[in-house]
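S.K.: Just passing along the structure, written as structure tokens.
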Amino acid sequence: MKPLRIAIQKSGRLFEPSVELLRSAGLEFEWYKNSLISPCRNFPMEIYFLRDDDIPEYVQDGIADLGVCGDNIIAEKQVDVTPLQKLGYGKCRLTLAVPNDGPIQTATQLNGKTVATTYPNLTERFLRERGIAASVVTISGSAEISPALGLSDAICDLVSTGSTLKSNGLRPIVDVMSSEAILIGHNGISQLPVVDELLLRIRSVLRAQGHKYVVLNIERSRLERIVQLLPGVKSPTVVPLAEEGWVAVHTVISESDFWERIAQVKQAGAQGIVVMNMEKIIL
Ligand code: PRT
Ligand code: ZN
């Protein structure tokens, strides 16, 4: 059988988390500086290391079967691929920003102005949909210096911490899109059993990353309330303690409301709460 081909970024922000995700999914492969292709030892797959900008088209054209890149690139390139799974890393926003000391406060005030960006399609669409007649100048990088050079009145660029904007005397006025890394597939490829298997593995890792394993002690008389608060994967596991009238509850709590849940179970009488990371959750 021909191995599945997955393309990931060769170097840059998405490289390390992508390699880590594949390794956490149990895939064994080597990577040496300047590797272009690495075979997996224990899964029928080859990993291609490419520039992120090339990945969507390679997947669309079937040069790779699967690819990982930012949502921002997929949206900008308007490629015809199948989105398979958001991956939770590489989070950023495509944002319109203007000089701190300038007169522009809102997107509407960009009427008649110039916006520099490496994302012309997304920027133009955003402005058009809002009836803002600004002209978009496409540049190949470092949009943040364009206003200072007199090239544009505003920029539309990716922002994560916001420190690049700040250090260039710019401030965000509105977000055009939010983005994160996403696994995409060549159309039709998701029907292959080997893709199902890979997705099952990747999803089990992502699910585990989004949850904590929690063990706590509670008086048996208060158990009902705790069970209501902690639904678990199916329902919590309850085991008796050596001390009469007490039980231990084992469960899984989502990261998204972790501290609220912990406050609630403490309030309901939980003691000795132990929290652990998990490797995988397979449903
Ligand atoms: O060589 P190759 O073409 O593969 O890499 P690249 O240099 O084009 O991409 P890279 O590694 O910078 O980014 C890859 C992907 O990471 C992007 O397509 C986004 O999906 C995602 N990502 C997440 C980001 C950022 N955060 C980010 N902050 N990509 C770029 N930036 C840049 C931004 O353009 C700006 O210059 O970082 C600066 C702003 O960062 P903050 O933290 O100061 O706000
Ligand atoms: Zn790039």
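Naming scheme: A, B, ... for chains in displayed order of the structure tokens; residues 1 onward per chain; ligands 1 onward as shown.
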As a CSV table (one decimal) with C-alpha atoms, in the first residue's frame, please: every protein or nucleic acid residue near ligand 2 (cut-off 6 Å, counting only C-alpha atoms and all ligand atoms).
M.R.:
```
chain,number,residue,atom,x,y,z
A,51,ARG,CA,7.0,26.0,3.8
A,52,ASP,CA,3.6,26.6,5.3
A,53,ASP,CA,2.5,28.8,2.3
```
S.K.: Would you please extract all strand (DSSP E) residues from stretch 2-206 of chain A, as assigned by DSSP on the backbone, and give them as an MDAnalysis selection string?
M.R.: chainID A and resid 4:9 37:39 45:50 66:70 82:86 92:99 114:117 135:138 154:159 170:179 181:185
S.K.: Within 8 Å of ligand 1, counting only C-alpha atoms and all ligand atoms, which protein or nucleic acid residues do you find, written as a count of residues only?
M.R.: 39
S.K.: As an exercise, work out the distance from atom CA of A:Leu229 to atom CA of A:His250 in Å and give it to one decimal place.
M.R.: 12.5 Å
S.K.: Just list as a ChimeraX atom specification whatever in stretch 141-253 of chain A DSSP marks as helix (DSSP H, G or I).
M.R.: /A:143-149,163-167,189-191,193-209,220-229
S.K.: With C-alpha atoms retained, export the selected residues as a PDB file, in the first residue's frame.
M.R.:
```pdb
ATOM      1  CA  ALA A 143       3.735  44.805   7.341  1.00  0.00           C
ATOM      2  CA  GLU A 144       4.243  46.520  10.685  1.00  0.00           C
ATOM      3  CA  ILE A 145       6.846  48.949   9.338  1.00  0.00           C
ATOM      4  CA  SER A 146       4.695  50.124   6.388  1.00  0.00           C
ATOM      5  CA  PRO A 147       2.972  53.076   8.166  1.00  0.00           C
ATOM      6  CA  ALA A 148       6.303  54.407   9.475  1.00  0.00           C
ATOM      7  CA  LEU A 149       7.754  54.202   5.941  1.00  0.00           C
ATOM      8  CA  SER A 163       4.073  43.047  21.265  1.00  0.00           C
ATOM      9  CA  THR A 164       5.163  43.525  17.633  1.00  0.00           C
ATOM     10  CA  LEU A 165       2.328  46.021  17.082  1.00  0.00           C
ATOM     11  CA  LYS A 166       3.213  47.827  20.291  1.00  0.00           C
ATOM     12  CA  SER A 167       6.917  48.092  19.535  1.00  0.00           C
ATOM     13  CA  ILE A 189      -8.972  11.285   1.311  1.00  0.00           C
ATOM     14  CA  SER A 190     -10.935  11.249   4.600  1.00  0.00           C
ATOM     15  CA  GLN A 191     -12.721   8.096   3.399  1.00  0.00           C
ATOM     16  CA  PRO A 193      -9.375   3.760   6.834  1.00  0.00           C
ATOM     17  CA  VAL A 194      -5.775   4.849   7.460  1.00  0.00           C
ATOM     18  CA  VAL A 195      -6.930   8.487   7.708  1.00  0.00           C
ATOM     19  CA  ASP A 196      -9.642   7.422  10.177  1.00  0.00           C
ATOM     20  CA  GLU A 197      -6.997   5.683  12.249  1.00  0.00           C
ATOM     21  CA  LEU A 198      -4.738   8.753  12.255  1.00  0.00           C
ATOM     22  CA  LEU A 199      -7.669  11.038  13.154  1.00  0.00           C
ATOM     23  CA  LEU A 200      -8.687   8.740  16.017  1.00  0.00           C
ATOM     24  CA  ARG A 201      -5.158   8.951  17.397  1.00  0.00           C
ATOM     25  CA  ILE A 202      -4.837  12.712  16.965  1.00  0.00           C
ATOM     26  CA  ARG A 203      -8.262  13.347  18.509  1.00  0.00           C
ATOM     27  CA  SER A 204      -7.459  11.133  21.501  1.00  0.00           C
ATOM     28  CA  VAL A 205      -4.341  13.257  22.153  1.00  0.00           C
ATOM     29  CA  LEU A 206      -6.198  16.569  21.723  1.00  0.00           C
ATOM     30  CA  ARG A 207      -9.027  15.397  24.019  1.00  0.00           C
ATOM     31  CA  ALA A 208      -6.502  14.404  26.691  1.00  0.00           C
ATOM     32  CA  GLN A 209      -4.743  17.789  26.375  1.00  0.00           C
ATOM     33  CA  ARG A 220     -20.439   8.944  51.059  1.00  0.00           C
ATOM     34  CA  SER A 221     -23.434  10.990  52.266  1.00  0.00           C
ATOM     35  CA  ARG A 222     -22.327  13.884  49.984  1.00  0.00           C
ATOM     36  CA  LEU A 223     -21.572  11.729  46.961  1.00  0.00           C
ATOM     37  CA  GLU A 224     -24.770  12.488  45.035  1.00  0.00           C
ATOM     38  CA  ARG A 225     -23.965  16.208  44.789  1.00  0.00           C
ATOM     39  CA  ILE A 226     -20.381  15.486  43.615  1.00  0.00           C
ATOM     40  CA  VAL A 227     -21.612  13.099  40.917  1.00  0.00           C
ATOM     41  CA  GLN A 228     -23.929  15.830  39.610  1.00  0.00           C
ATOM     42  CA  LEU A 229     -20.985  18.239  39.415  1.00  0.00           C
TER      43      LEU A 229
END
```
S.K.: Counting only C-alpha atoms, which residue out of A:Val115, A:Cys156, A:Leu127, A:Ile184 sits closest to A:Val59?
M.R.: A:Ile184
S.K.: From the options A:Asn187, A:Lys77, A:Ser178, A:Tyr48, which residue's atoms come nearest to A:Gly62, counting only C-alpha atoms?
M.R.: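 Of all the options, A:Asn187 lies closest to A:Gly62.
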S.K.: So the first atom is atom CA of A:Val81 and the second is atom CA of A:Ile55; what is the distance between them in Å, to one decimal place?
M.R.: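 Atom CA of A:Ile55 lies at a distance of 10.8 Å from atom CA of A:Val81.
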